[in-house]
file input05.txt (compact mmCIF, C-alpha atoms)
# COMPACT_ATOMS: atom_id res chain seq x y z
CA MET A 106 54.32 -55.10 14.53
CA PRO A 107 58.09 -55.67 14.90
CA GLN A 108 59.77 -53.70 17.64
CA ILE A 109 60.76 -50.28 16.35
CA VAL A 110 64.24 -49.17 17.42
CA ALA A 111 64.78 -46.31 14.95
CA VAL A 112 62.69 -43.34 13.82
CA ILE A 113 63.68 -41.32 10.75
CA PHE A 114 61.94 -38.05 9.94
CA ASP A 115 61.29 -35.99 6.88
CA LEU A 116 62.23 -32.34 7.49
CA ASP A 117 60.05 -29.76 5.67
CA GLY A 118 56.41 -29.95 6.70
CA THR A 119 57.18 -32.57 9.33
CA LEU A 120 59.56 -30.94 11.78
CA VAL A 121 60.06 -27.50 10.25
CA ASN A 122 57.67 -25.01 8.65
CA SER A 123 59.99 -23.68 5.95
CA LEU A 124 57.48 -22.40 3.38
CA GLU A 125 58.32 -18.73 3.81
CA ASP A 126 62.07 -19.18 3.34
CA ILE A 127 61.61 -21.52 0.37
CA SER A 128 59.11 -19.22 -1.33
CA ALA A 129 61.28 -16.15 -0.72
CA SER A 130 64.32 -17.74 -2.37
CA VAL A 131 62.41 -19.06 -5.37
CA ASN A 132 60.39 -15.88 -5.89
CA HIS A 133 63.50 -13.72 -5.72
CA VAL A 134 65.05 -15.61 -8.64
CA LEU A 135 61.86 -16.01 -10.69
CA LYS A 136 61.08 -12.32 -10.40
CA GLY A 137 64.47 -11.52 -11.90
CA LEU A 138 63.62 -13.77 -14.85
CA GLY A 139 60.29 -12.10 -15.45
CA CYS A 140 58.23 -14.99 -14.07
CA ARG A 141 55.20 -14.64 -11.83
CA SER A 142 55.81 -14.81 -8.09
CA LEU A 143 53.76 -17.35 -6.15
CA SER A 144 52.16 -16.87 -2.76
CA VAL A 145 53.43 -18.86 0.20
CA GLU A 146 50.30 -21.03 0.08
CA GLU A 147 50.79 -21.76 -3.61
CA TYR A 148 54.12 -23.34 -2.73
CA ARG A 149 52.53 -25.74 -0.24
CA PRO A 150 51.62 -28.51 -2.75
CA LEU A 151 54.88 -28.05 -4.68
CA VAL A 152 57.33 -28.78 -1.86
CA GLY A 153 58.60 -32.30 -1.26
CA TRP A 154 60.11 -33.43 -4.56
CA GLY A 155 63.37 -31.52 -4.29
CA LEU A 156 64.40 -27.99 -5.17
CA ARG A 157 65.03 -28.57 -8.88
CA GLN A 158 61.49 -29.88 -9.39
CA LEU A 159 60.13 -27.07 -7.23
CA VAL A 160 61.75 -24.42 -9.41
CA ALA A 161 60.35 -26.03 -12.55
CA SER A 162 56.86 -26.23 -11.05
CA ALA A 163 56.94 -22.66 -9.76
CA ALA A 164 58.07 -21.36 -13.15
CA ASP A 165 55.20 -23.29 -14.74
CA ARG A 166 57.39 -24.35 -17.67
CA THR A 167 57.84 -20.78 -18.88
CA LEU A 168 61.64 -21.17 -18.87
CA THR A 169 63.88 -22.80 -21.44
CA GLU A 170 66.02 -25.68 -20.19
CA PRO A 171 69.18 -23.53 -19.87
CA GLU A 172 67.15 -20.88 -18.01
CA TRP A 173 65.70 -23.55 -15.76
CA ASP A 174 69.14 -24.91 -14.88
CA GLY A 175 70.39 -21.41 -14.19
CA ALA A 176 67.35 -20.58 -12.09
CA TYR A 177 67.77 -23.74 -10.03
CA GLN A 178 71.41 -22.94 -9.27
CA ALA A 179 70.56 -19.33 -8.41
CA VAL A 180 67.78 -20.43 -6.05
CA LEU A 181 70.08 -23.00 -4.44
CA ASN A 182 72.82 -20.42 -3.90
CA ARG A 183 70.40 -17.96 -2.35
CA TYR A 184 68.77 -20.59 -0.15
CA ARG A 185 72.18 -21.73 1.08
CA GLU A 186 72.86 -18.15 2.15
CA LEU A 187 69.47 -17.64 3.82
CA PRO A 188 68.18 -21.04 4.97
CA VAL A 189 66.61 -20.03 8.28
CA ILE A 190 65.16 -16.53 8.29
CA ASN A 191 61.48 -17.30 8.93
CA SER A 192 61.61 -21.09 9.29
CA SER A 193 60.69 -22.54 12.67
CA LEU A 194 59.91 -25.82 14.36
CA TYR A 195 56.25 -26.75 14.53
CA GLU A 196 54.65 -26.31 17.91
CA GLY A 197 55.25 -29.40 20.01
CA ILE A 198 58.34 -30.65 18.14
CA PRO A 199 60.86 -29.67 20.87
CA GLU A 200 58.73 -31.47 23.45
CA LEU A 201 58.46 -34.49 21.16
CA PHE A 202 62.22 -34.93 21.08
CA LYS A 203 62.58 -34.35 24.82
CA LYS A 204 60.25 -37.33 25.39
CA MET A 205 61.97 -39.65 22.90
CA PRO A 206 63.41 -42.78 24.54
CA HIS A 207 67.20 -42.40 24.64
CA THR A 208 67.54 -45.89 23.19
CA LEU A 209 65.96 -44.87 19.87
CA SER A 210 68.16 -44.18 16.87
CA LEU A 211 67.03 -40.90 15.29
CA GLY A 212 67.64 -39.58 11.78
CA ILE A 213 66.46 -37.11 9.16
CA LEU A 214 66.08 -37.83 5.45
CA SER A 215 64.98 -34.93 3.26
CA ASN A 216 64.74 -34.07 -0.42
CA LYS A 217 66.10 -30.65 0.55
CA GLU A 218 69.64 -30.13 -0.74
CA HIS A 219 72.09 -31.79 1.67
CA GLN A 220 74.00 -28.67 2.74
CA VAL A 221 70.81 -26.70 3.36
CA ALA A 222 69.19 -29.56 5.27
CA GLN A 223 72.16 -29.81 7.60
CA ALA A 224 72.21 -26.04 8.13
CA VAL A 225 68.52 -25.99 9.04
CA VAL A 226 68.90 -28.85 11.51
CA LYS A 227 72.03 -27.36 13.07
CA THR A 228 70.23 -24.04 13.58
CA LEU A 229 66.84 -25.27 14.80
CA MET A 230 67.65 -28.61 16.50
CA PRO A 231 71.28 -28.36 17.62
CA THR A 232 70.88 -30.58 20.69
CA VAL A 233 68.81 -33.42 19.21
CA PRO A 234 71.07 -36.50 18.97
CA PHE A 235 70.43 -37.45 15.35
CA ARG A 236 72.67 -40.26 14.15
CA SER A 237 72.38 -39.03 10.55
CA VAL A 238 70.99 -35.95 8.79
CA TRP A 239 70.86 -36.43 5.04
CA GLY A 240 69.48 -34.22 2.33
CA ALA A 241 69.55 -34.68 -1.42
CA ARG A 242 73.02 -35.74 -2.55
CA PRO A 243 74.47 -36.03 -6.06
CA GLY A 244 74.06 -39.48 -7.55
CA VAL A 245 71.49 -40.61 -4.98
CA PRO A 246 67.83 -40.81 -6.11
CA HIS A 247 65.33 -38.58 -4.34
CA LYS A 248 62.46 -39.92 -2.30
CA PRO A 249 60.18 -41.81 -2.95
CA ASP A 250 63.06 -43.98 -4.19
CA PRO A 251 64.03 -46.01 -1.08
CA THR A 252 67.79 -46.08 -1.77
CA ALA A 253 68.82 -43.33 0.65
CA LEU A 254 66.47 -44.48 3.41
CA ARG A 255 67.74 -48.03 3.25
CA GLU A 256 71.34 -46.81 3.11
CA MET A 257 70.86 -44.84 6.30
CA ILE A 258 69.22 -47.73 8.11
CA TYR A 259 71.85 -50.26 7.05
CA SER A 260 74.64 -47.86 8.03
CA TRP A 261 73.31 -48.10 11.58
CA GLY A 262 73.40 -51.89 11.51
CA LEU A 263 69.60 -52.09 11.50
CA ASN A 264 66.94 -53.22 9.03
CA PRO A 265 63.85 -51.47 7.63
CA GLN A 266 61.42 -53.61 9.64
CA GLN A 267 62.88 -52.04 12.79
CA THR A 268 62.38 -48.50 11.50
CA ALA A 269 59.54 -46.00 11.35
CA PHE A 270 59.65 -43.22 8.78
CA VAL A 271 57.67 -40.10 9.68
CA GLY A 272 56.57 -37.57 7.07
CA ASP A 273 53.86 -35.20 5.94
CA SER A 274 53.44 -36.14 2.28
CA GLY A 275 52.57 -38.95 -0.07
CA VAL A 276 56.20 -38.91 -1.18
CA ASP A 277 57.26 -39.76 2.38
CA MET A 278 54.70 -42.51 2.81
CA GLN A 279 55.66 -44.04 -0.54
CA THR A 280 59.31 -43.90 0.53
CA ALA A 281 58.55 -45.77 3.73
CA VAL A 282 56.48 -48.40 1.93
CA ASN A 283 59.11 -48.82 -0.80
CA ALA A 284 61.84 -49.29 1.81
CA GLY A 285 59.83 -51.71 3.95
CA CYS A 286 59.55 -49.32 6.92
CA LEU A 287 56.57 -48.43 9.07
CA ALA A 288 54.90 -45.39 7.42
CA LEU A 289 53.75 -42.77 9.93
CA GLY A 290 52.01 -39.67 8.57
CA VAL A 291 51.64 -36.25 10.16
CA ALA A 292 48.69 -34.07 9.19
CA TRP A 293 50.06 -30.76 10.48
CA GLY A 294 52.34 -30.26 7.48
CA PHE A 295 51.97 -29.37 3.82
CA ARG A 296 49.61 -32.12 2.61
CA PRO A 297 46.04 -33.28 3.35
CA ARG A 298 45.25 -36.42 5.33
CA GLU A 299 43.78 -38.11 2.25
CA GLU A 300 47.13 -37.99 0.46
CA LEU A 301 48.81 -39.73 3.38
CA GLU A 302 46.12 -42.40 3.56
CA ASN A 303 46.24 -43.10 -0.17
CA ALA A 304 50.04 -43.39 -0.09
CA GLY A 305 50.08 -46.10 2.58
CA ALA A 306 50.30 -44.40 5.98
CA LYS A 307 49.73 -46.92 8.78
CA GLU A 308 49.01 -44.23 11.34
CA ILE A 309 48.29 -40.50 10.95
CA PHE A 310 48.80 -37.93 13.72
CA HIS A 311 47.30 -34.46 13.97
CA ASP A 312 49.83 -33.00 16.38
CA PRO A 313 53.24 -33.93 17.83
CA HIS A 314 51.74 -34.71 21.22
CA HIS A 315 49.71 -37.61 19.82
CA LEU A 316 52.74 -38.87 17.89
CA SER A 317 54.68 -38.79 21.16
CA LEU A 318 51.97 -40.78 22.96
CA TRP A 319 51.91 -43.35 20.16
CA LEU A 320 55.69 -43.75 20.25
CA GLU A 321 55.62 -44.13 24.01
CA GLU A 322 52.90 -46.79 23.84
CA ASN A 323 54.29 -48.72 20.90
CA ILE A 324 58.03 -48.38 21.47
CA LEU A 325 58.80 -47.59 25.09
CA GLN A 326 56.24 -50.02 26.51
CA LYS A 327 57.53 -52.78 24.25
CA GLU A 328 61.03 -52.04 25.49
CA LEU A 329 59.90 -52.34 29.10
CA THR A 330 58.03 -55.58 28.35
CA SER A 331 61.00 -57.12 26.56
CA THR A 332 63.33 -56.30 29.48
CA GLY A 333 60.86 -57.58 32.05
CA ASN A 334 60.50 -54.23 33.83
call {"tool": "encode", "arguments": {"input": "input05.txt", "output": "structure tokens"}}
result
Amino acid sequence: MPQIVAVIFDLDGTLVNSLEDISASVNHVLKGLGCRSLSVEEYRPLVGWGLRQLVASAADRTLTEPEWDGAYQAVLNRYRELPVINSSLYEGIPELFKKMPHTLSLGILSNKEHQVAQAVVKTLMPTVPFRSVWGARPGVPHKPDPTALREMIYSWGLNPQQTAFVGDSGVDMQTAVNAGCLALGVAWGFRPREELENAGAKEIFHDPHHLSLWLEENILQKELTSTGN
């Protein structure tokens, strides 16, 4: 395996449990349109493709296209206002970042709308030295398209073979594979282990502590070996 010098993370389901805030924003809008509200757990398999697709899936195609567009914008506006009410970092994530080698380049790439993604990271991880935090941006394809991931990596002067992408869904693993990165799956998020395996995960971790140990063994130890320490 090439030496990994950068680790880029998905956000929802990987670092942050955001299901309650997402479901609250979507349900608030759908209720006003006469649609059925979904439980928090019903949103679990729907998250990961971006907010527009989430709204369409939650509405179960009961909206006309103009209603769908309006609902998406209403949900986005509400979520921008209330991005971190019940969202929190998964247990072990703060410790994971404290143990990260300072030489690693760190980033976040999410299908969450860009402004909301940055607000969530600023609120919950204000001291983590991310080089880039990108959400969904106009004109840039969503994951699993590799465009944004490659753009981030190249902007750092690195290449995909030097980068691990960490996520909790098949979308994330497909993104890593499509970009030529090392695909690392986490099983504490929104998707089952089988989805990660089928989408190309090279390693799967059940808690942040084991991810931290793997990074230490496969990144820090390689660094020490290469420097002769």
call {"tool": "residues_near_point", "arguments": {"input": "input05.txt", "point": "(65.2, -41.7, -6.7)", "cutoff": "12 Å", "atoms": "all atoms listed in the file", "output": "list in words"}}
result
Trp154, Gly155, Asn216, Ala241, Arg242, Pro243, Gly244, Val245, Pro246, His247, Lys248, Pro249, Asp250, Pro251, Thr252, Ala253, Leu254, Val276, Gln279, Thr280, Asn283 and Ala284 of chain A
call {"tool": "residues_near_point", "arguments": {"input": "input05.txt", "point": "(63.9, -22.8, 4.2)", "cutoff": "7 Å", "atoms": "all atoms listed in the file", "output": "list of chain:residue names"}}
result
A:Ser123, A:Leu124, A:Glu125, A:Asp126, A:Ile127, A:Tyr184, A:Pro188, A:Val189, A:Ser192
call {"tool": "closest_residue", "arguments": {"input": "input05.txt", "among": "A:Leu316, A:Ala111, A:Ile213, A:Ile309", "to": "A:Tyr259", "atoms": "all atoms listed in the file"}}
result
A:Ala111
call {"tool": "closest_residue", "arguments": {"input": "input05.txt", "among": "A:Gly290, A:Pro234, A:Pro107, A:Gly275", "to": "A:Pro150", "atoms": "all atoms listed in the file"}}
result
A:Gly275
call {"tool": "residues_around", "arguments": {"input": "input05.txt", "residues": "stretch 220-222 of chain A", "least_positions_apart": "4", "cutoff": "7 Å", "atoms": "all atoms listed in the file", "output": "JSON, numbers by chain"}}
result
{"A": [185, 188, 226, 240]}
call {"tool": "write_last_selection", "arguments": {"input": "input05.txt", "atoms": "C-alpha atoms", "output": "mmCIF file, keeping the file's coordinate frame"}}
result
data_model
loop_
_atom_site.group_PDB
_atom_site.id
_atom_site.type_symbol
_atom_site.label_atom_id
_atom_site.label_comp_id
_atom_site.auth_asym_id
_atom_site.auth_seq_id
_atom_site.Cartn_x
_atom_site.Cartn_y
_atom_site.Cartn_z
ATOM 1 C CA ARG A 185 72.180 -21.730 1.080
ATOM 2 C CA PRO A 188 68.180 -21.040 4.970
ATOM 3 C CA VAL A 226 68.900 -28.850 11.510
ATOM 4 C CA GLY A 240 69.480 -34.220 2.330
#
call {"tool": "atom_distance", "arguments": {"input": "input05.txt", "atom1": "atom CA of A:Gln158", "atom2": "atom CA of A:Lys307"}}
result
27.5 Å
call {"tool": "build_atoms", "arguments": {"input": "input05.txt", "residues": "stretch 116-127 of chain A", "atoms": "all heavy atoms", "output": "CSV table (one decimal), in the coordinates of the input"}}
result
chain,number,residue,atom,x,y,z
A,116,LEU,N,61.9,-33.6,6.9
A,116,LEU,CA,62.2,-32.3,7.5
A,116,LEU,C,61.1,-31.3,7.2
A,116,LEU,O,60.4,-30.9,8.2
A,116,LEU,CB,63.6,-31.8,7.0
A,116,LEU,CG,64.2,-30.6,7.6
A,116,LEU,CD1,64.3,-30.8,9.1
A,116,LEU,CD2,65.5,-30.2,7.0
A,117,ASP,N,61.0,-30.8,6.0
A,117,ASP,CA,60.0,-29.8,5.7
A,117,ASP,C,58.6,-30.3,5.8
A,117,ASP,O,58.3,-31.3,5.2
A,117,ASP,CB,60.3,-29.3,4.3
A,117,ASP,CG,61.7,-28.6,4.1
A,117,ASP,OD1,61.9,-27.7,4.8
A,117,ASP,OD2,62.4,-29.1,3.2
A,118,GLY,N,57.8,-29.6,6.5
A,118,GLY,CA,56.4,-30.0,6.7
A,118,GLY,C,56.2,-31.0,7.8
A,118,GLY,O,55.0,-31.3,8.1
A,119,THR,N,57.3,-31.6,8.3
A,119,THR,CA,57.2,-32.6,9.3
A,119,THR,C,57.7,-32.0,10.6
A,119,THR,O,57.1,-32.1,11.7
A,119,THR,CB,57.9,-33.8,8.9
A,119,THR,OG1,57.4,-34.3,7.7
A,119,THR,CG2,57.9,-34.9,10.0
A,120,LEU,N,58.9,-31.5,10.6
A,120,LEU,CA,59.6,-30.9,11.8
A,120,LEU,C,59.6,-29.4,11.7
A,120,LEU,O,59.5,-28.7,12.7
A,120,LEU,CB,61.0,-31.5,12.0
A,120,LEU,CG,61.1,-33.0,12.1
A,120,LEU,CD1,62.6,-33.4,12.2
A,120,LEU,CD2,60.4,-33.5,13.3
A,121,VAL,N,59.8,-28.9,10.5
A,121,VAL,CA,60.1,-27.5,10.2
A,121,VAL,C,59.1,-26.9,9.3
A,121,VAL,O,58.8,-27.5,8.2
A,121,VAL,CB,61.5,-27.3,9.7
A,121,VAL,CG1,61.7,-25.8,9.4
A,121,VAL,CG2,62.5,-27.8,10.7
A,122,ASN,N,58.5,-25.8,9.6
A,122,ASN,CA,57.7,-25.0,8.6
A,122,ASN,C,58.6,-24.1,7.9
A,122,ASN,O,59.0,-23.0,8.5
A,122,ASN,CB,56.6,-24.2,9.4
A,122,ASN,CG,55.6,-23.6,8.4
A,122,ASN,OD1,55.9,-23.5,7.2
A,122,ASN,ND2,54.5,-23.1,8.9
A,123,SER,N,59.0,-24.4,6.7
A,123,SER,CA,60.0,-23.7,6.0
A,123,SER,C,59.4,-23.0,4.7
A,123,SER,O,60.2,-22.5,3.9
A,123,SER,CB,61.1,-24.7,5.5
A,123,SER,OG,60.5,-25.8,4.8
A,124,LEU,N,58.1,-22.9,4.6
A,124,LEU,CA,57.5,-22.4,3.4
A,124,LEU,C,57.9,-21.0,3.1
A,124,LEU,O,58.1,-20.6,1.9
A,124,LEU,CB,56.0,-22.5,3.5
A,124,LEU,CG,55.3,-23.8,3.1
A,124,LEU,CD1,53.8,-23.7,3.2
A,124,LEU,CD2,55.7,-24.2,1.7
A,125,GLU,N,58.0,-20.1,4.1
A,125,GLU,CA,58.3,-18.7,3.8
A,125,GLU,C,59.7,-18.6,3.3
A,125,GLU,O,60.0,-17.8,2.3
A,125,GLU,CB,58.1,-17.9,5.1
A,125,GLU,CG,56.7,-17.6,5.5
A,125,GLU,CD,56.6,-16.6,6.5
A,125,GLU,OE1,57.3,-15.6,6.5
A,125,GLU,OE2,55.7,-16.7,7.4
A,126,ASP,N,60.7,-19.3,3.8
A,126,ASP,CA,62.1,-19.2,3.3
A,126,ASP,C,62.2,-19.8,1.9
A,126,ASP,O,62.9,-19.2,1.1
A,126,ASP,CB,63.0,-19.9,4.3
A,126,ASP,CG,63.3,-19.0,5.6
A,126,ASP,OD1,63.2,-17.8,5.5
A,126,ASP,OD2,63.5,-19.6,6.6
A,127,ILE,N,61.5,-20.9,1.7
A,127,ILE,CA,61.6,-21.5,0.4
A,127,ILE,C,61.0,-20.6,-0.7
A,127,ILE,O,61.6,-20.3,-1.7
A,127,ILE,CB,60.9,-22.9,0.4
A,127,ILE,CG1,61.7,-23.9,1.2
A,127,ILE,CG2,60.7,-23.4,-1.1
A,127,ILE,CD1,60.9,-25.2,1.4
